[in-house]
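Asker: What follows is input.txt; its format and atoms are compact mmCIF, C-alpha atoms.
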# COMPACT_ATOMS: atom_id res chain seq x y z
CA MET A 1 16.58 -24.14 -28.36
CA MET A 2 19.40 -21.63 -28.39
CA SER A 3 16.89 -18.81 -28.02
CA PHE A 4 15.32 -20.50 -24.97
CA VAL A 5 18.72 -21.05 -23.33
CA ARG A 6 19.65 -17.42 -24.03
CA CYS A 7 16.40 -16.13 -22.49
CA LEU A 8 16.83 -18.36 -19.45
CA SER A 9 20.38 -17.13 -19.01
CA ARG A 10 19.25 -13.51 -19.16
CA LEU A 11 16.40 -14.22 -16.74
CA LEU A 12 18.76 -15.79 -14.21
CA THR A 13 21.15 -12.88 -14.64
CA LEU A 14 18.38 -10.51 -13.55
CA LEU A 15 17.02 -12.76 -10.78
CA LEU A 16 19.95 -14.50 -9.07
CA PRO A 17 21.87 -11.44 -7.74
CA ALA A 18 18.72 -10.03 -6.12
CA THR A 19 17.84 -13.43 -4.65
CA LEU A 20 21.33 -13.88 -3.24
CA MET A 21 21.11 -10.42 -1.69
CA LEU A 22 17.80 -11.35 -0.01
CA LEU A 23 19.12 -14.66 1.36
CA ALA A 24 22.47 -13.24 2.50
CA GLY A 25 20.78 -10.50 4.50
CA LEU A 26 18.22 -12.94 5.89
CA ALA A 27 21.01 -15.11 7.30
CA ALA A 28 22.30 -12.12 9.28
CA ALA A 29 18.84 -10.85 10.31
CA TRP A 30 17.74 -14.29 11.51
CA ARG A 31 20.31 -14.16 14.30
CA THR A 32 18.44 -11.35 16.05
CA GLY A 33 14.99 -11.66 14.48
CA GLN A 34 15.00 -8.03 13.35
CA ALA A 35 13.20 -7.19 10.11
CA ASP A 36 15.26 -4.07 9.50
CA PRO A 37 16.13 -3.19 5.88
CA TRP A 38 19.54 -2.01 7.05
CA CYS A 39 20.40 -5.64 7.86
CA TRP A 40 20.66 -6.02 4.07
CA GLY A 41 22.98 -3.03 3.63
CA TRP A 42 26.27 -4.89 3.46
CA PRO A 43 24.92 -7.74 1.27
CA ALA A 44 23.60 -5.11 -1.15
CA LEU A 45 26.95 -3.36 -1.28
CA LEU A 46 29.02 -6.54 -1.65
CA LEU A 47 26.79 -8.25 -4.23
CA LEU A 48 25.41 -5.44 -6.37
CA VAL A 49 28.73 -3.70 -7.15
CA PRO A 50 30.23 -6.74 -8.97
CA THR A 51 26.81 -7.48 -10.48
CA GLY A 52 26.60 -3.96 -11.89
CA TRP A 53 30.08 -4.29 -13.32
CA TRP A 54 29.17 -7.59 -15.01
CA LEU A 55 25.87 -6.30 -16.43
CA ALA A 56 27.43 -3.11 -17.79
CA ARG A 57 28.46 -5.05 -20.88
CA ARG A 58 24.76 -5.33 -21.74
CA ASP A 59 23.23 -2.06 -20.62
CA PHE A 60 23.42 0.37 -17.71
CA LEU A 61 19.69 -0.13 -17.11
CA HIS A 62 20.21 -3.87 -16.52
CA ALA A 63 22.30 -3.04 -13.44
CA LEU A 64 19.75 -0.56 -12.11
CA TRP A 65 16.94 -3.06 -12.73
CA VAL A 66 18.70 -5.69 -10.62
CA GLY A 67 19.44 -3.20 -7.84
CA LEU A 68 15.83 -2.02 -7.72
CA GLY A 69 14.56 -5.60 -7.77
CA GLY A 70 16.83 -6.66 -4.91
CA ALA A 71 15.76 -3.74 -2.72
CA GLY A 72 12.10 -4.36 -3.56
CA MET A 73 12.36 -8.04 -2.58
CA VAL A 74 13.93 -7.13 0.75
CA LEU A 75 11.36 -4.46 1.58
CA LEU A 76 8.46 -6.75 0.70
CA PHE A 77 9.91 -9.48 2.91
CA CYS A 78 10.42 -7.08 5.83
CA ALA A 79 6.86 -5.75 5.58
CA LEU A 80 5.26 -9.19 5.54
CA ALA A 81 7.56 -10.88 8.06
CA ALA A 82 7.05 -8.08 10.60
CA ALA A 83 3.37 -7.50 9.71
CA ARG A 84 4.11 -3.77 9.56
CA MET A 85 5.82 -1.41 7.16
CA PRO A 86 9.56 -0.86 7.66
CA ASP A 87 10.86 2.47 8.86
CA PRO A 88 10.45 4.97 5.96
CA TRP A 89 14.02 6.25 6.22
CA ALA A 90 15.35 2.69 6.19
CA MET A 91 13.29 1.96 3.06
CA ILE A 92 14.62 5.03 1.27
CA GLY A 93 18.16 4.32 2.45
CA LEU A 94 18.19 0.75 1.17
CA LEU A 95 16.73 1.78 -2.20
CA LEU A 96 19.38 4.47 -2.63
CA LEU A 97 22.12 2.11 -1.50
CA ALA A 98 21.05 -0.66 -3.88
CA LEU A 99 20.70 1.64 -6.89
CA ALA A 100 23.99 3.39 -6.17
CA ALA A 101 25.85 0.10 -5.67
CA ALA A 102 24.55 -1.41 -8.90
CA GLY A 103 25.00 1.82 -10.85
CA GLY A 104 28.46 2.42 -9.44
CA GLY A 105 29.50 -1.11 -10.37
CA ALA A 106 28.27 -0.51 -13.92
CA LEU A 107 30.29 2.69 -14.18
CA LEU A 108 33.45 0.74 -13.33
CA TRP A 109 33.18 -0.85 -16.78
CA GLN A 110 34.54 2.39 -18.19
CA ARG A 111 37.80 3.53 -16.62
CA ARG A 112 37.09 7.19 -17.21
CA TRP A 113 34.41 6.94 -14.54
CA LEU A 114 36.83 5.58 -11.93
CA PRO A 115 37.13 8.85 -9.91
CA ALA A 116 33.35 9.18 -9.85
CA CYS A 117 33.07 5.57 -8.67
CA VAL A 118 35.51 6.19 -5.84
CA ALA A 119 33.47 9.20 -4.72
CA LEU A 120 30.27 7.17 -4.98
CA ALA A 121 31.79 4.35 -2.91
CA ALA A 122 32.75 6.83 -0.20
CA ALA A 123 29.19 8.19 -0.21
CA LEU A 124 27.79 4.66 0.09
CA LEU A 125 30.00 3.87 3.07
CA LEU A 126 28.96 7.15 4.70
CA LEU A 127 25.30 6.31 4.13
CA LEU A 128 25.70 2.77 5.42
CA LEU A 129 27.87 3.47 8.44
CA GLY A 130 26.91 7.00 9.43
CA PHE A 131 23.24 7.48 8.66
CA GLY A 132 21.93 3.95 8.33
CA PRO A 133 21.55 1.37 11.11
CA ALA A 134 20.80 2.33 14.71
CA ARG A 135 23.83 3.60 16.56
CA PRO A 136 25.00 2.26 19.94
CA ILE A 137 23.32 3.93 22.90
CA SER A 138 25.46 6.62 24.52
CA SER A 139 25.41 7.65 28.15
CA GLN A 140 23.48 10.76 29.20
CA PRO A 141 25.23 13.37 31.36
CA ASP A 142 22.39 14.01 33.84
CA ARG A 143 21.20 10.69 35.21
CA PRO A 144 18.68 10.31 38.02
CA LEU A 145 19.26 7.92 40.88
CA LEU A 146 17.90 4.39 40.42
CA ALA A 147 17.82 2.02 43.39
CA VAL A 148 17.90 -1.72 42.70
CA ILE A 149 16.91 -4.48 45.11
CA THR A 150 17.35 -8.00 43.75
CA ALA A 151 18.58 -11.50 44.54
CA LEU A 152 19.56 -12.01 40.90
CA PRO A 153 23.28 -11.85 39.98
CA LEU A 154 23.08 -8.45 38.31
CA PHE A 155 26.09 -6.81 39.98
CA TRP A 156 28.39 -9.68 40.88
CA GLU A 157 29.46 -13.14 39.88
CA GLU A 158 27.04 -15.80 41.05
CA GLY A 159 27.46 -16.70 44.71
CA GLY A 160 28.93 -13.33 45.65
CA ALA A 161 32.47 -14.72 45.84
CA GLY A 162 33.59 -13.58 42.41
CA ALA A 163 34.56 -10.20 41.07
CA ARG A 164 32.01 -7.44 40.69
CA ARG A 165 30.44 -7.62 37.24
CA ASP A 166 27.47 -5.76 35.79
CA ALA A 167 24.93 -7.81 33.89
CA PRO A 168 24.16 -6.48 30.38
CA ILE A 169 20.83 -5.01 31.53
CA VAL A 170 22.65 -3.05 34.25
CA THR A 171 25.20 -1.82 31.70
CA LEU A 172 22.39 -0.36 29.64
CA LEU A 173 20.57 1.11 32.65
CA ARG A 174 23.76 2.91 33.70
CA SER A 175 23.56 4.90 30.45
CA ARG A 176 20.32 6.47 31.73
CA PHE A 177 20.53 6.22 35.54
CA ASP A 178 22.91 6.42 38.44
CA VAL A 179 22.35 2.79 39.44
CA ARG A 180 22.83 1.89 43.10
CA PRO A 181 22.11 -1.55 44.53
CA ILE A 182 20.75 -1.57 48.09
CA ASP A 183 20.09 -4.47 50.45
CA ASP A 184 17.21 -3.24 52.57
CA VAL A 185 14.04 -1.56 51.34
CA ARG A 186 13.97 0.45 54.56
CA ALA A 187 17.05 2.31 53.28
CA LEU A 188 15.09 3.73 50.35
CA ALA A 189 13.98 6.89 52.12
CA ALA A 190 17.51 7.72 53.21
CA SER A 191 18.95 7.00 49.72
CA GLY A 192 16.95 9.80 48.10
CA ALA A 193 15.93 7.54 45.20
CA SER A 194 12.53 8.15 43.63
CA VAL A 195 12.74 5.17 41.27
CA LEU A 196 13.18 1.52 42.30
CA LEU A 197 13.73 -1.67 40.32
CA LEU A 198 12.65 -4.61 42.48
CA ALA A 199 13.54 -7.84 40.67
CA GLN A 200 12.94 -11.23 42.32
CA PRO A 201 14.02 -10.12 45.81
CA ARG A 202 14.62 -12.38 48.78
CA PRO A 203 11.77 -12.81 51.30
CA MET A 204 11.01 -9.56 53.14
CA THR A 205 9.89 -9.04 56.70
CA PRO A 206 6.44 -7.50 57.34
CA GLN A 207 8.19 -4.30 58.42
CA ALA A 208 10.05 -4.13 55.09
CA LEU A 209 6.81 -4.66 53.13
CA VAL A 210 5.17 -1.84 55.08
CA ALA A 211 8.15 0.43 54.36
CA LEU A 212 7.95 -0.38 50.64
CA ASP A 213 4.23 0.36 50.55
CA ARG A 214 4.77 3.66 52.33
CA TRP A 215 7.60 4.66 49.97
CA VAL A 216 5.37 4.06 46.94
CA ARG A 217 2.42 5.95 48.47
CA ASP A 218 4.71 8.91 49.15
CA GLY A 219 5.37 9.27 45.40
CA GLY A 220 7.88 6.54 44.49
CA ARG A 221 7.97 4.84 41.10
CA LEU A 222 8.39 1.05 41.29
CA LEU A 223 9.06 -1.50 38.56
CA LEU A 224 8.39 -4.88 40.17
CA LEU A 225 9.47 -8.14 38.49
CA THR A 226 8.21 -11.14 40.44
CA ASP A 227 8.58 -14.58 38.91
CA PRO A 228 6.46 -17.58 39.95
CA ARG A 229 8.83 -20.01 38.21
CA LEU A 230 12.31 -18.55 37.81
CA ARG A 231 14.43 -20.08 35.05
CA TRP A 232 17.56 -17.97 35.50
CA PRO A 233 20.56 -20.29 34.90
CA SER A 234 22.56 -21.08 38.04
CA ASP A 235 25.46 -23.38 38.89
CA LEU A 236 24.55 -23.33 42.57
CA PRO A 237 22.72 -26.38 43.95
CA LEU A 238 19.05 -26.24 44.80
CA GLY A 239 18.55 -25.09 48.36
CA ASP A 240 21.70 -22.93 48.37
CA ARG A 241 20.80 -19.65 50.08
CA ARG A 242 22.89 -17.72 47.57
CA ARG A 243 20.49 -18.64 44.75
CA ALA A 244 17.69 -16.29 43.84
CA PRO A 245 14.27 -17.50 45.03
CA MET A 246 12.67 -19.90 42.56
CA VAL A 247 9.24 -18.36 43.23
CA GLY A 248 8.03 -14.84 43.98
CA THR A 249 8.08 -13.78 47.62
CA LEU A 250 5.84 -10.72 47.53
CA GLY A 251 2.44 -12.42 47.69
CA PRO A 252 1.20 -10.51 50.78
CA LEU A 253 2.06 -7.13 49.26
CA LEU A 254 0.41 -7.98 45.92
CA ALA A 255 -2.71 -9.16 47.74
CA HIS A 256 -2.75 -5.90 49.69
CA TRP A 257 -2.74 -4.01 46.39
CA GLY A 258 -5.52 -6.23 44.98
CA VAL A 259 -3.34 -7.99 42.40
CA ARG A 260 -4.18 -11.52 41.29
CA GLY A 261 -2.06 -13.99 39.37
CA GLY A 262 -3.31 -16.14 36.50
CA ALA A 263 -2.11 -19.49 35.20
CA VAL A 264 1.65 -19.68 34.66
CA ARG A 265 2.74 -20.04 31.05
CA ASP A 266 5.49 -22.59 31.54
CA ARG A 267 7.40 -21.91 28.33
CA GLU A 268 9.35 -19.21 26.57
CA ILE A 269 7.05 -16.78 24.75
CA ARG A 270 7.51 -13.80 22.45
CA HIS A 271 4.96 -11.20 23.55
CA PHE A 272 4.21 -8.29 21.23
CA LEU A 273 2.85 -5.13 22.82
CA PRO A 274 0.10 -3.17 21.01
CA ASP A 275 2.70 -0.78 19.53
CA GLY A 276 4.67 -3.70 18.01
CA ARG A 277 7.51 -3.81 20.53
CA LEU A 278 8.69 -7.23 21.64
CA LEU A 279 9.24 -8.86 25.02
CA THR A 280 10.65 -12.37 25.40
CA MET A 281 9.59 -14.03 28.66
CA ALA A 282 9.90 -17.47 30.27
CA GLY A 283 7.59 -18.96 32.89
CA MET A 284 5.48 -15.79 32.86
CA GLN A 285 2.37 -15.30 35.03
CA PRO A 286 -0.31 -12.81 33.88
CA LEU A 287 -1.21 -10.29 36.60
CA SER A 288 -4.48 -8.41 36.91
CA LEU A 289 -6.76 -6.60 39.31
CA ALA A 290 -9.98 -8.22 40.45
CA GLY A 291 -12.63 -7.99 37.75
CA GLN A 292 -10.22 -6.59 35.14
CA GLU A 293 -8.19 -8.01 32.30
CA GLY A 294 -4.47 -8.42 32.76
CA ALA A 295 -1.90 -6.18 31.10
CA VAL A 296 1.83 -6.28 30.39
CA PRO A 297 2.90 -4.45 32.40
CA LEU A 298 0.11 -4.02 34.93
CA ARG A 299 0.00 -0.36 36.01
CA LEU A 300 -1.26 0.69 39.45
CA ARG A 301 -1.69 4.04 41.14
CA ILE A 302 -0.84 3.59 44.81
CA GLY A 303 -1.28 6.84 46.71
CA ARG A 304 0.88 9.45 44.96
CA GLY A 305 3.14 6.78 43.49
CA GLU A 306 3.02 4.39 40.54
CA VAL A 307 3.73 0.65 40.32
CA LEU A 308 4.42 -1.35 37.15
CA LEU A 309 4.12 -5.10 37.66
CA LEU A 310 5.27 -8.04 35.53
CA GLY A 311 4.95 -11.68 36.47
CA ASP A 312 8.38 -12.58 35.09
CA ALA A 313 11.94 -11.77 36.11
CA ASP A 314 13.72 -13.89 33.49
CA LEU A 315 12.97 -11.23 30.86
CA ILE A 316 15.98 -9.14 31.98
CA ASN A 317 18.31 -12.13 31.54
CA ASP A 318 20.46 -11.28 28.52
CA ARG A 319 19.92 -14.69 26.91
CA LEU A 320 16.32 -13.60 26.22
CA TRP A 321 17.05 -10.20 24.64
CA LEU A 322 20.69 -10.04 23.51
CA ALA A 323 22.19 -11.92 20.54
CA ASP A 324 25.75 -10.71 21.22
CA PRO A 325 26.64 -10.47 24.97
CA ALA A 326 29.54 -8.14 24.15
CA ARG A 327 27.22 -5.45 22.68
CA PRO A 328 24.43 -4.66 25.17
CA LEU A 329 24.39 -0.98 24.12
CA ASP A 330 23.93 -1.72 20.41
CA PRO A 331 20.25 -2.13 19.39
CA ARG A 332 21.40 -4.02 16.30
CA ALA A 333 22.48 -6.88 18.61
CA TRP A 334 19.17 -7.08 20.50
CA SER A 335 16.71 -9.92 19.96
CA ALA A 336 13.89 -8.11 21.82
CA ASP A 337 12.97 -4.58 22.94
CA THR A 338 13.28 -5.58 26.62
CA PRO A 339 16.12 -3.24 27.69
CA ALA A 340 14.54 -0.18 26.08
CA LEU A 341 11.16 -1.03 27.62
CA VAL A 342 12.62 -1.55 31.10
CA ALA A 343 14.40 1.81 30.90
CA GLN A 344 11.23 3.53 29.68
CA TRP A 345 9.11 1.93 32.41
CA LEU A 346 11.58 3.37 34.90
CA GLY A 347 11.11 6.83 33.37
CA ALA A 348 14.01 7.15 30.89
CA GLU A 349 13.90 8.11 27.22
CA MET A 350 15.03 5.45 24.77
CA PRO A 351 15.02 4.96 20.98
CA ASP A 352 11.89 3.72 19.27
CA GLY A 353 11.21 0.01 19.03
CA ARG A 354 12.66 -2.19 16.32
CA ARG A 355 10.76 -4.16 13.65
CA TRP A 356 10.66 -7.87 14.43
CA MET A 357 9.82 -11.00 12.48
CA ARG A 358 6.53 -12.12 14.01
CA ASP A 359 6.51 -15.92 13.63
CA VAL A 360 7.52 -18.70 11.27
CA ALA A 361 4.33 -18.41 9.21
CA ASP A 362 4.94 -14.69 8.58
CA VAL A 363 8.56 -15.35 7.62
CA ARG A 364 7.49 -18.05 5.16
CA LEU A 365 4.87 -15.75 3.65
CA GLY A 366 7.39 -12.92 3.33
CA LEU A 367 10.06 -15.13 1.77
CA ARG A 368 7.66 -16.79 -0.67
CA SER A 369 6.10 -13.48 -1.71
CA ALA A 370 9.51 -11.82 -2.15
CA LEU A 371 10.75 -14.65 -4.37
CA LEU A 372 7.58 -14.59 -6.48
CA ALA A 373 7.72 -10.79 -6.81
CA GLY A 374 11.42 -10.96 -7.68
CA THR A 375 10.75 -13.56 -10.37
CA GLY A 376 7.98 -11.42 -11.84
CA TRP A 377 10.24 -8.37 -11.79
CA ALA A 378 13.00 -10.31 -13.59
CA ILE A 379 10.55 -11.53 -16.28
CA LEU A 380 9.26 -7.98 -16.78
CA GLY A 381 12.83 -6.73 -17.05
CA LEU A 382 13.65 -9.45 -19.57
CA LEU A 383 10.79 -8.31 -21.80
CA LEU A 384 11.24 -4.55 -21.49
CA LEU A 385 15.04 -4.43 -21.62
CA ARG A 386 15.14 -6.86 -24.52
CA ARG A 387 12.84 -4.61 -26.54
CA ARG A 388 14.94 -1.59 -25.67
CA SER A 389 18.14 -3.37 -26.70
CA GLY A 390 16.51 -4.42 -29.96
CA ARG A 391 15.46 -0.85 -30.77
CA ASN A 392 18.91 0.50 -29.94
CA GLY A 393 20.71 -2.21 -31.83
CA VAL A 394 22.63 -3.25 -28.74
CA ARG A 395 23.79 -6.88 -28.77
CA THR A 396 26.18 -9.02 -26.80
CA LYS A 397 29.41 -10.35 -28.37
CA SER A 398 27.84 -13.76 -28.94
CA GLU A 399 24.81 -12.16 -30.63
CA ASN A 400 27.10 -10.11 -32.88
CA LYS A 401 28.94 -13.27 -33.94
CA LEU A 402 25.64 -14.95 -34.79
CA VAL A 403 24.55 -11.95 -36.85
CA LYS A 404 27.87 -11.83 -38.72
CA GLY A 405 27.69 -15.55 -39.34
CA GLY A 406 24.19 -15.18 -40.79
CA LYS A 407 25.33 -12.39 -43.10
CA ASN A 408 28.34 -14.39 -44.33
CA GLY A 409 26.12 -17.36 -44.95
Mind turning this structure into structure tokens?

Answerer:
Amino acid sequence: MMSFVRCLSRLLTLLLPATLMLLAGLAAAWRTGQADPWCWGWPALLLLVPTGWWLARRDFLHALWVGLGGAGMVLLFCALAAARMPDPWAMIGLLLLALAAAGGGALLWQRRWLPACVALAAALLLLLLGFGPARPISSQPDRPLLAVITALPLFWEEGGAGARRDAPIVTLLRSRFDVRPIDDVRALAASGASVLLLAQPRPMTPQALVALDRWVRDGGRLLLLTDPRLRWPSDLPLGDRRRAPMVGTLGPLLAHWGVRGGAVRDREIRHFLPDGRLLTMAGMQPLSLAGQEGAVPLRLRIGRGEVLLLGDADLINDRLWLADPARPLDPRAWSADTPALVAQWLGAEMPDGRRWMRDVADVRLGLRSALLAGTGWAILGLLLLRRRSGRNGVRTKSENKLVKGGKNG
């Protein structure tokens, strides 16, 4: 009985720290939905250092075994939850961080290693903070002009009576463009802008639609967001002219370009592009050309210009892509790739897409597989490290007391 209790205790010692590391990081990653190994950086550092210190009384390899097991559980979860392998540098970084944290904690058991531990801790912080997670997006010096026509409250408080305030999507676009809102599409030619974001505009006159068509045919690049069922939150009453239109108003222009709308998906959806990047949309309408399948976005060549069409304007609302409204420039706070995609569709360069948890079934599979793999790794460690300790004659204090008691008896 004592032997069973001792084995169970050793097994839990190898398994529990790694499991706690997995669950602690998952709680933080769940807020954004990102399956990024760097989301587990701080849990690894905070949990594995004291674990390594505690396990150093047994063997240095016990600490490394736990660190390797914790990193392996996290990487397996990320791969299965996102249905794609994590970024290679993030995988290597988390493995190094976990091993160094557990090993550094073990070295603290001996005071003569204290200077080396301090240096190792500094290196870990440099790895975690300087070379690890994605950095906030910085502004570029040379930014092309971007014209914006919209009825959405992107540049001001709702109703137009409040102070001027950029929406988070505009804050990000300003890092890549010289953003200028304009009221009339007929002012495009005079503005000198070659790129236009047209997001749920107010109804246009036939003359304005003709001017927009001519501007595109002359070489303009247009990103058009037209929503058949706008869900943008508003405190203004229905019928108030200051509200953005509840439905798209560009039907005649889309018909002129041969664009057809499909059935509206009247719910919030997470749409993954073929390259794995994520868009979150609400009340979206698929758009297509006659006789062709729809695409997100739908790309058209109109004269010498290009048009990118999406049947949803809610996607640029920060509640659908930003977990922390105070950090629109930090990809670690995004819950979708929407801002990077919008900027790229307008012609800007942005960082690569993030890894995202696909759906609940994938998360369950990843979590279950990680826990099973972690348990197997702990059992293997129990067998191998116990044999090694037996060969080396290494015992715990309680084992030494039992041996001495047997000899005295």

Asker: Quick one: of A:Gly353, A:Pro252, A:Gly347, A:Gly374, who's nearest to Leu146 (chain A), counting all atoms listed in the file?

Answerer: A:Gly347

Asker: Which polymer residues, protein or nucleic acid, are no farther than 12 Å from (27.7, -8.6, 25.8), counting all atoms listed in the file, as a PyMOL selection string?

Answerer: chain A and resi 165-172+317-319+321-331+333-334

Asker: Just checking: using all atoms listed in the file, which residue out of A:Pro37, A:Trp53, A:Ala100, A:Arg58 ends up closest to Arg386 (chain A)?

Answerer: A:Arg58

Asker: Go ahead and compute the interatomic distance for CA of Leu230 (chain A) and CA of Ala282 (chain A), in Å to one decimal.

Answerer: 8.0 Å

Asker: Kindly indicate which residue among A:Met91, A:Leu8, A:Leu55, A:Met246 lies nearest to Gly41 (chain A), using only C-alpha atoms for the distances.

Answerer: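 The answer is A:Met91, which sits nearest to Gly41 (chain A).
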
Asker: Of the residues A:Leu371, A:Val185, A:Leu173, A:Leu236, which is the one nearest to Met21 (chain A), using all atoms listed in the file?

Answerer: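 When distances to Met21 (chain A) are compared using all atoms listed in the file, the smallest one comes from A:Leu371.
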
Asker: Restricting the calculation to all atoms listed in the file: of A:Gln140, A:Thr32, A:Ser369, A:Ser9, which residue gets closest to Arg355 (chain A)?

Answerer: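 Among the listed residues, A:Thr32 lies closest to Arg355 (chain A).
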
Asker: Around all of region 22-31 of chain A's listed atoms, make the axis-aligned box with 3 Å on each side and tell me centre and edge lengths in Å to one decimal, as AutoDock Vina command-line options.

Answerer:
--center_x 20.1 --center_y -12.8 --center_z 7.1 --size_x 10.7 --size_y 10.6 --size_z 20.3

Asker: Find the residues near Asp183 (chain A): any atom within 9 Å, counting all atoms listed in the file, skip ones fewer than 2 places away on the same chain, and give them as a list in words.

Answerer: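 Final neighbour list, sorted by chain and number: Val148, Ile149, Thr150, Pro181, Val185, Arg186 and Ala187 of chain A.
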
Asker: For a test of reading the model, state the distance in Å between CA of Glu293 (chain A) and CA of Gly262 (chain A), rounded to one decimal.

Answerer: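 Answer for the CA of Glu293 (chain A) to CA of Gly262 (chain A) separation: 10.4 Å.
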